[in-house]
Amino acid sequence: MPSSRSPKDFFRPLAVGAPQPLREIPARPSRAIHFFDPSNEKMAAKVPQLVGTVDVLLGNLEDAVKADNKVAAREGLVRIASGTDFGPTQLWTRINALDSPWVLDDLTTLVPAIGDKLDVVMVPKVQGAEDIAYVDRLLAQLEARAGLDRPILVHAILETARGVANVEEICGASPRMQGLSLGPADLAADRRMKTTRVGGGHPGYLVREDPRRTSDGVESNDRATYQQDLWHYTIARMVDACAMHGISPYYGPFGDIGDPVACEDQFRNAFLLGCVGAWSLHPTQIPIAHRVFSPSVEDIRHARRVVAALQRDGGDGTGAVMLDGKMEDDASLKQCLVLVELAEQLSAVDPELKEKYAAIEVSDG
């Protein structure tokens with residue numbers, strides 16, 4: 001948190017009449033954050049059909065919305081939110097950048113009009129804790145004026161080198177912090193990386209097998225190469241910062257809509273590192289995110305077997321057991337409980353997964 005703020009004041013409302021800040025962020029499934037442009041009538045008309053099929057619907061007001069359409073997007077989001085029952089689906093919005101001429105109107109319009117339906121405000125290009133502090137105070141004032149009884153949460157996008165350098169203090173800047181997303185395109189530009197891709201790998205970022213010599217001493221040119229992950233360091237650092245502060249990390253956009261295989265690979269890398277979801281820029285990416293960020297039946301079966309074995313006969317999870325020739329101990333239990341708890345959360349919102357997970361039979365093995 002910012003050094004000027006006392007720890008004992010951290011969970012006090014920042015405005016008289018504002019709702020009490022949360023001490024723990026609710027764990028709600030958000031495998032796919034599906035973006036839509038509220039100024040696009042064709043896209044907006046599909047929003048009610050998407051309710052219940054995706055964990056998060058996000059009305060985008062920032063990048064990909066032309067300057068001439070900013071007001072229409074804002075007004076469109078108010079109209080859509082006012083006329084839609086979102087049920088189990090969360091409603092988020094990405095406001096314009098804090099240095100833009102539109103952001104103040106974004107917040108002063110949306111919070112009074114649809115603050116009771118808005119779960120999360122996504123803030124782009126966050127540089128440090130001071131950006132979160134500004135949004136935090138303003139949201140508190142607007143919530144108090146609107147008479148809201150719950151705080152709107154804040155999600156920051158890592159899109160600058162300074163933001164990555166300050167990632168720990170960003171995560172701890174406010175009790176509103178819900179999570180972070182990686183913004184690879186803007187981050188690549190800010191770092192002066194030499195890639196024009198929106199997320200994903202690059203064939204030039206690789207390691208090469210050592211040279212081999214033939215029997216007559218001639219060096220062979222037949223050397224295998226292995227493409228590396230440009231975003232491994234940043235995602236890992238983001239995951240650590242989020243875990244430290246009890247909030248959720250996300251992979252952001254994968255721009256090549258026509259390459260679902262590479263999209264799934266990038267999403268899975270992020271999932272294995274600890275991310276809970278990713279952005280969806282096109283409806284075809286929703287099932288990819290759902291598939292990747294939902295543990296497989298095989299993983300849940302194994303996790304439940306480990307939990308059952310270590311907690312059998314009233315055990316407290318300490319000690320060790322052998323399953324399928326592998327030692328499982330209290331560290332294994334902690335890993336498996338992560339998957340078991342995620343399966344329970346997903347079962348509450350996804351009937352198909354609930355049926356699959358419920359059908360799992362756990363044997364002693």
# chains A, B, ... in the order shown; residues from 1 in each chain; ligands from 1
$ residues_around --residues "Asp186 in chain A" --least-positions-apart "3" --cutoff "9 Å" --atoms "only C-alpha atoms" --output "ChimeraX atom specification"
/A:125,158-160,183,189-191,198
$ closest_residue --among "A:Val338, A:Ala188, A:Val218, A:Ile257" --to "Trp231 in chain A" --atoms "only C-alpha atoms"
A:Ala188
$ residues_around --residues "range 49-55 of chain A" --least-positions-apart "2" --cutoff "10 Å" --atoms "only C-alpha atoms" --output "PyMOL selection string"
chain A and resi 28-34+44-47+57+84-91+277+280+283+286-287+289-290+346+349-350
$ closest_residue --among "A:Ile114, A:Ala144, A:Leu333, A:Ala303" --to "Pro13 in chain A" --atoms "only C-alpha atoms"
A:Ala144
$ residues_around --residues "Ile170 in chain A" --least-positions-apart "4" --cutoff "10 Å" --atoms "only C-alpha atoms" --output "ChimeraX atom specification"
/A:1-2,126-133,156,158,163-166,174,177,179-180,241-242,245
$ write_last_selection --atoms "N, CA, C and O atoms" --output "PDB file, in the first residue's frame"
ATOM      1  N   MET A   1       0.842  -1.184   0.000  1.00  0.00           N
ATOM      2  CA  MET A   1       0.000   0.000   0.000  1.00  0.00           C
ATOM      3  C   MET A   1       0.881   1.239   0.000  1.00  0.00           C
ATOM      4  O   MET A   1       2.055   1.166   0.352  1.00  0.00           O
ATOM      5  N   PRO A   2       0.345   2.427  -0.386  1.00  0.00           N
ATOM      6  CA  PRO A   2       1.159   3.638  -0.364  1.00  0.00           C
ATOM      7  C   PRO A   2       1.690   3.887   1.041  1.00  0.00           C
ATOM      8  O   PRO A   2       0.986   3.717   2.038  1.00  0.00           O
ATOM      9  N   VAL A 126      -1.730   1.074 -15.718  1.00  0.00           N
ATOM     10  CA  VAL A 126      -1.435   1.473 -14.344  1.00  0.00           C
ATOM     11  C   VAL A 126       0.075   1.512 -14.139  1.00  0.00           C
ATOM     12  O   VAL A 126       0.785   0.553 -14.431  1.00  0.00           O
ATOM     13  N   GLN A 127       0.552   2.642 -13.614  1.00  0.00           N
ATOM     14  CA  GLN A 127       1.985   2.845 -13.441  1.00  0.00           C
ATOM     15  C   GLN A 127       2.453   2.553 -12.019  1.00  0.00           C
ATOM     16  O   GLN A 127       3.566   2.087 -11.805  1.00  0.00           O
ATOM     17  N   GLY A 128       1.597   2.846 -11.043  1.00  0.00           N
ATOM     18  CA  GLY A 128       1.998   2.660  -9.659  1.00  0.00           C
ATOM     19  C   GLY A 128       0.805   2.770  -8.733  1.00  0.00           C
ATOM     20  O   GLY A 128      -0.345   2.941  -9.159  1.00  0.00           O
ATOM     21  N   ALA A 129       1.069   2.702  -7.429  1.00  0.00           N
ATOM     22  CA  ALA A 129       0.006   2.727  -6.432  1.00  0.00           C
ATOM     23  C   ALA A 129      -0.787   4.031  -6.472  1.00  0.00           C
ATOM     24  O   ALA A 129      -1.964   4.056  -6.114  1.00  0.00           O
ATOM     25  N   GLU A 130      -0.149   5.115  -6.927  1.00  0.00           N
ATOM     26  CA  GLU A 130      -0.852   6.402  -6.962  1.00  0.00           C
ATOM     27  C   GLU A 130      -2.043   6.380  -7.917  1.00  0.00           C
ATOM     28  O   GLU A 130      -3.061   7.048  -7.675  1.00  0.00           O
ATOM     29  N   ASP A 131      -1.938   5.599  -8.991  1.00  0.00           N
ATOM     30  CA  ASP A 131      -3.066   5.479  -9.922  1.00  0.00           C
ATOM     31  C   ASP A 131      -4.248   4.776  -9.258  1.00  0.00           C
ATOM     32  O   ASP A 131      -5.403   5.181  -9.420  1.00  0.00           O
ATOM     33  N   ILE A 132      -3.956   3.718  -8.514  1.00  0.00           N
ATOM     34  CA  ILE A 132      -5.019   2.998  -7.816  1.00  0.00           C
ATOM     35  C   ILE A 132      -5.624   3.864  -6.719  1.00  0.00           C
ATOM     36  O   ILE A 132      -6.846   3.865  -6.508  1.00  0.00           O
ATOM     37  N   ALA A 133      -4.786   4.638  -6.012  1.00  0.00           N
ATOM     38  CA  ALA A 133      -5.284   5.515  -4.943  1.00  0.00           C
ATOM     39  C   ALA A 133      -6.265   6.542  -5.498  1.00  0.00           C
ATOM     40  O   ALA A 133      -7.281   6.863  -4.863  1.00  0.00           O
ATOM     41  N   ALA A 156      -6.268  -3.984 -12.379  1.00  0.00           N
ATOM     42  CA  ALA A 156      -5.250  -3.195 -13.079  1.00  0.00           C
ATOM     43  C   ALA A 156      -4.643  -3.999 -14.220  1.00  0.00           C
ATOM     44  O   ALA A 156      -4.516  -5.219 -14.135  1.00  0.00           O
ATOM     45  N   LEU A 158      -1.234  -4.537 -16.472  1.00  0.00           N
ATOM     46  CA  LEU A 158       0.208  -4.281 -16.555  1.00  0.00           C
ATOM     47  C   LEU A 158       0.563  -4.071 -18.018  1.00  0.00           C
ATOM     48  O   LEU A 158       0.620  -5.027 -18.797  1.00  0.00           O
ATOM     49  N   GLY A 163       4.933  -0.128 -14.553  1.00  0.00           N
ATOM     50  CA  GLY A 163       3.901  -0.894 -13.877  1.00  0.00           C
ATOM     51  C   GLY A 163       4.425  -2.239 -13.401  1.00  0.00           C
ATOM     52  O   GLY A 163       4.135  -2.677 -12.285  1.00  0.00           O
ATOM     53  N   VAL A 164       5.201  -2.915 -14.257  1.00  0.00           N
ATOM     54  CA  VAL A 164       5.782  -4.203 -13.862  1.00  0.00           C
ATOM     55  C   VAL A 164       6.763  -4.009 -12.714  1.00  0.00           C
ATOM     56  O   VAL A 164       6.788  -4.790 -11.756  1.00  0.00           O
ATOM     57  N   ALA A 165       7.570  -2.954 -12.778  1.00  0.00           N
ATOM     58  CA  ALA A 165       8.540  -2.696 -11.710  1.00  0.00           C
ATOM     59  C   ALA A 165       7.832  -2.421 -10.382  1.00  0.00           C
ATOM     60  O   ALA A 165       8.371  -2.722  -9.312  1.00  0.00           O
ATOM     61  N   ASN A 166       6.612  -1.856 -10.439  1.00  0.00           N
ATOM     62  CA  ASN A 166       5.858  -1.503  -9.235  1.00  0.00           C
ATOM     63  C   ASN A 166       4.728  -2.483  -8.933  1.00  0.00           C
ATOM     64  O   ASN A 166       3.801  -2.158  -8.193  1.00  0.00           O
ATOM     65  N   SER A 174      -4.895  -1.012  -2.537  1.00  0.00           N
ATOM     66  CA  SER A 174      -6.265  -0.786  -2.083  1.00  0.00           C
ATOM     67  C   SER A 174      -6.939  -2.110  -1.780  1.00  0.00           C
ATOM     68  O   SER A 174      -6.677  -3.111  -2.454  1.00  0.00           O
ATOM     69  N   MET A 177      -8.602  -3.997  -4.741  1.00  0.00           N
ATOM     70  CA  MET A 177      -7.880  -4.698  -5.801  1.00  0.00           C
ATOM     71  C   MET A 177      -8.388  -6.120  -5.952  1.00  0.00           C
ATOM     72  O   MET A 177      -8.312  -6.934  -5.041  1.00  0.00           O
ATOM     73  N   GLY A 179      -7.586  -7.958  -9.045  1.00  0.00           N
ATOM     74  CA  GLY A 179      -6.611  -8.724  -9.797  1.00  0.00           C
ATOM     75  C   GLY A 179      -5.829  -7.870 -10.770  1.00  0.00           C
ATOM     76  O   GLY A 179      -5.993  -6.647 -10.852  1.00  0.00           O
ATOM     77  N   LEU A 180      -4.976  -8.550 -11.531  1.00  0.00           N
ATOM     78  CA  LEU A 180      -4.141  -7.927 -12.558  1.00  0.00           C
ATOM     79  C   LEU A 180      -4.232  -8.735 -13.840  1.00  0.00           C
ATOM     80  O   LEU A 180      -4.378  -9.959 -13.804  1.00  0.00           O
ATOM     81  N   ALA A 241       3.087 -11.542  -7.136  1.00  0.00           N
ATOM     82  CA  ALA A 241       2.569 -10.337  -6.501  1.00  0.00           C
ATOM     83  C   ALA A 241       1.101 -10.500  -6.128  1.00  0.00           C
ATOM     84  O   ALA A 241       0.665 -10.083  -5.051  1.00  0.00           O
ATOM     85  N   CYS A 242       0.336 -11.116  -7.017  1.00  0.00           N
ATOM     86  CA  CYS A 242      -1.085 -11.331  -6.734  1.00  0.00           C
ATOM     87  C   CYS A 242      -1.271 -12.310  -5.579  1.00  0.00           C
ATOM     88  O   CYS A 242      -2.103 -12.095  -4.685  1.00  0.00           O
ATOM     89  N   HIS A 245      -0.832 -10.824  -2.181  1.00  0.00           N
ATOM     90  CA  HIS A 245      -1.889  -9.920  -1.713  1.00  0.00           C
ATOM     91  C   HIS A 245      -3.288 -10.519  -1.808  1.00  0.00           C
ATOM     92  O   HIS A 245      -4.279  -9.821  -1.583  1.00  0.00           O
TER      93      HIS A 245
END
$ closest_residue --among "A:Gly200, A:Gly59, A:Gly147, A:Gly83" --to "Asp119 in chain A" --atoms "only C-alpha atoms"
A:Gly59
$ select_by_dssp --residues "range 165-342 of chain A" --states "alpha helix (DSSP H)" --output "MDAnalysis selection string"
chainID A and resid 165 167:171 184:191 232:245 260:273 285:292 297:311 330:342
$ closest_residue --among "A:Pro184, A:Pro101, A:Gly199, A:Pro211" --to "Ala161 in chain A" --atoms "only C-alpha atoms"
A:Pro184
$ closest_residue --among "A:Leu342, A:Ala309, A:Ala113, A:Ala236" --to "Glu328 in chain A" --atoms "only C-alpha atoms"
A:Ala309
$ residues_around --residues "Ser100 in chain A" --least-positions-apart "2" --cutoff "12 Å" --atoms "only C-alpha atoms" --output "PyMOL selection string"
chain A and resi 61-63+67+70+95-98+102-106+123-125
$ write_last_selection --atoms "C-alpha atoms" --output "tab-separated table (two decimals), in the first residue's frame"
chain	number	residue	atom	x	y	z
A	61	LEU	CA	-14.54	1.82	-23.36
A	62	GLU	CA	-10.81	2.14	-24.06
A	63	ASP	CA	-8.60	0.72	-26.84
A	67	ALA	CA	-12.45	8.56	-30.11
A	70	LYS	CA	-16.33	7.03	-26.73
A	95	ILE	CA	-12.45	2.54	-18.50
A	96	ASN	CA	-10.25	4.87	-20.50
A	97	ALA	CA	-6.69	5.60	-19.40
A	98	LEU	CA	-6.28	7.90	-16.42
A	102	TRP	CA	-12.77	10.56	-21.14
A	103	VAL	CA	-12.01	8.71	-17.92
A	104	LEU	CA	-13.63	11.13	-15.48
A	105	ASP	CA	-16.91	11.02	-17.40
A	106	ASP	CA	-16.62	7.22	-17.58
A	123	VAL	CA	-7.93	0.35	-15.17
A	124	PRO	CA	-5.49	0.41	-18.11
A	125	LYS	CA	-1.82	1.37	-18.12
$ closest_residue --among "A:Gly319, A:Ser6, A:Leu339, A:Ala18" --to "Asp149 in chain A" --atoms "only C-alpha atoms"
A:Ala18
$ select_by_dssp --residues "range 154-216 of chain A" --states "strand (DSSP E or B)" --output "PyMOL selection string"
chain A and resi 154-158+177-182+206-208+212-213
$ write_last_selection --atoms "all heavy atoms" --output "compact mmCIF listing (two decimals), in the first residue's frame"
# COMPACT_ATOMS: atom_id res chain seq x y z
N VAL A 154 -11.52 -3.17 -8.26
CA VAL A 154 -10.61 -2.59 -9.25
C VAL A 154 -9.65 -3.66 -9.75
O VAL A 154 -9.13 -4.46 -8.98
CB VAL A 154 -9.81 -1.42 -8.64
CG1 VAL A 154 -8.69 -0.97 -9.57
CG2 VAL A 154 -10.74 -0.24 -8.34
N HIS A 155 -9.44 -3.66 -11.06
CA HIS A 155 -8.53 -4.59 -11.74
C HIS A 155 -7.56 -3.75 -12.55
O HIS A 155 -7.98 -2.87 -13.31
CB HIS A 155 -9.36 -5.51 -12.64
CG HIS A 155 -8.57 -6.55 -13.37
ND1 HIS A 155 -8.61 -7.89 -13.03
CD2 HIS A 155 -7.72 -6.47 -14.43
CE1 HIS A 155 -7.84 -8.57 -13.84
NE2 HIS A 155 -7.29 -7.73 -14.70
N ALA A 156 -6.27 -3.98 -12.38
CA ALA A 156 -5.25 -3.20 -13.08
C ALA A 156 -4.64 -4.00 -14.22
O ALA A 156 -4.52 -5.22 -14.14
CB ALA A 156 -4.15 -2.77 -12.11
N ILE A 157 -4.26 -3.30 -15.29
CA ILE A 157 -3.59 -3.94 -16.42
C ILE A 157 -2.12 -3.54 -16.40
O ILE A 157 -1.78 -2.35 -16.30
CB ILE A 157 -4.21 -3.54 -17.77
CG1 ILE A 157 -5.73 -3.62 -17.73
CG2 ILE A 157 -3.66 -4.46 -18.86
CD1 ILE A 157 -6.39 -3.18 -19.03
N LEU A 158 -1.23 -4.54 -16.47
CA LEU A 158 0.21 -4.28 -16.55
C LEU A 158 0.56 -4.07 -18.02
O LEU A 158 0.62 -5.03 -18.80
CB LEU A 158 0.99 -5.46 -15.98
CG LEU A 158 0.93 -5.66 -14.47
CD1 LEU A 158 1.85 -6.82 -14.07
CD2 LEU A 158 1.31 -4.40 -13.72
N MET A 177 -8.60 -4.00 -4.74
CA MET A 177 -7.88 -4.70 -5.80
C MET A 177 -8.39 -6.12 -5.95
O MET A 177 -8.31 -6.93 -5.04
CB MET A 177 -6.38 -4.68 -5.52
CG MET A 177 -5.72 -3.34 -5.76
SD MET A 177 -5.88 -2.77 -7.47
CE MET A 177 -5.03 -4.06 -8.35
N GLN A 178 -8.91 -6.42 -7.14
CA GLN A 178 -9.44 -7.75 -7.46
C GLN A 178 -8.40 -8.59 -8.18
O GLN A 178 -8.35 -9.80 -8.01
CB GLN A 178 -10.71 -7.61 -8.31
CG GLN A 178 -11.35 -8.93 -8.75
CD GLN A 178 -10.74 -9.48 -10.04
OE1 GLN A 178 -10.12 -8.75 -10.82
NE2 GLN A 178 -10.93 -10.76 -10.28
N GLY A 179 -7.59 -7.96 -9.05
CA GLY A 179 -6.61 -8.72 -9.80
C GLY A 179 -5.83 -7.87 -10.77
O GLY A 179 -5.99 -6.65 -10.85
N LEU A 180 -4.98 -8.55 -11.53
CA LEU A 180 -4.14 -7.93 -12.56
C LEU A 180 -4.23 -8.73 -13.84
O LEU A 180 -4.38 -9.96 -13.80
CB LEU A 180 -2.67 -7.89 -12.13
CG LEU A 180 -2.23 -7.10 -10.93
CD1 LEU A 180 -0.71 -7.20 -10.79
CD2 LEU A 180 -2.62 -5.64 -11.06
N SER A 181 -4.12 -8.05 -14.96
CA SER A 181 -4.01 -8.70 -16.26
C SER A 181 -2.73 -8.24 -16.95
O SER A 181 -2.31 -7.08 -16.81
CB SER A 181 -5.19 -8.35 -17.17
OG SER A 181 -6.35 -9.07 -16.82
N LEU A 182 -2.13 -9.16 -17.70
CA LEU A 182 -1.00 -8.80 -18.54
C LEU A 182 -1.51 -8.18 -19.83
O LEU A 182 -2.36 -8.75 -20.51
CB LEU A 182 -0.18 -10.05 -18.86
CG LEU A 182 0.93 -9.88 -19.91
CD1 LEU A 182 2.04 -9.00 -19.35
CD2 LEU A 182 1.48 -11.23 -20.34
N LEU A 206 14.31 -17.95 -29.28
CA LEU A 206 14.53 -19.40 -29.22
C LEU A 206 15.88 -19.72 -28.62
O LEU A 206 16.73 -18.85 -28.42
CB LEU A 206 14.40 -20.00 -30.62
CG LEU A 206 15.25 -19.38 -31.75
CD1 LEU A 206 16.69 -19.89 -31.73
CD2 LEU A 206 14.62 -19.67 -33.10
N VAL A 207 16.06 -20.99 -28.31
CA VAL A 207 17.38 -21.53 -28.00
C VAL A 207 17.68 -22.59 -29.03
O VAL A 207 16.77 -23.20 -29.61
CB VAL A 207 17.44 -22.12 -26.58
CG1 VAL A 207 17.29 -21.04 -25.54
CG2 VAL A 207 16.41 -23.20 -26.38
N ARG A 208 18.99 -22.81 -29.26
CA ARG A 208 19.41 -23.75 -30.30
C ARG A 208 20.28 -24.85 -29.69
O ARG A 208 21.10 -24.59 -28.81
CB ARG A 208 20.17 -23.01 -31.40
CG ARG A 208 20.48 -23.86 -32.64
CD ARG A 208 21.22 -23.01 -33.67
NE ARG A 208 20.43 -21.87 -34.10
CZ ARG A 208 19.54 -21.88 -35.09
NH1 ARG A 208 19.34 -23.01 -35.76
NH2 ARG A 208 18.87 -20.80 -35.41
N ARG A 212 26.83 -30.37 -33.31
CA ARG A 212 27.30 -31.76 -33.26
C ARG A 212 28.27 -32.00 -34.42
O ARG A 212 28.12 -31.41 -35.48
CB ARG A 212 26.12 -32.72 -33.36
CG ARG A 212 25.19 -32.69 -32.16
CD ARG A 212 23.97 -33.56 -32.38
NE ARG A 212 23.13 -33.02 -33.44
CZ ARG A 212 22.08 -33.67 -33.94
NH1 ARG A 212 21.79 -34.89 -33.53
NH2 ARG A 212 21.34 -33.10 -34.89
N ARG A 213 29.23 -32.89 -34.20
CA ARG A 213 30.22 -33.20 -35.25
C ARG A 213 29.99 -34.62 -35.76
O ARG A 213 29.69 -35.53 -34.98
CB ARG A 213 31.65 -33.04 -34.73
CG ARG A 213 31.99 -31.61 -34.36
CD ARG A 213 33.46 -31.45 -33.97
NE ARG A 213 33.77 -30.08 -33.64
CZ ARG A 213 34.08 -29.15 -34.54
NH1 ARG A 213 34.15 -29.49 -35.83
NH2 ARG A 213 34.34 -27.92 -34.17
$ atom_distance --atom1 "CA of Pro203 in chain A" --atom2 "CA of Thr225 in chain A"
9.6 Å
$ atom_distance --atom1 "CA of His282 in chain A" --atom2 "CA of Met43 in chain A"
10.6 Å
$ atom_distance --atom1 "CA of Leu148 in chain A" --atom2 "CA of Thr109 in chain A"
14.3 Å
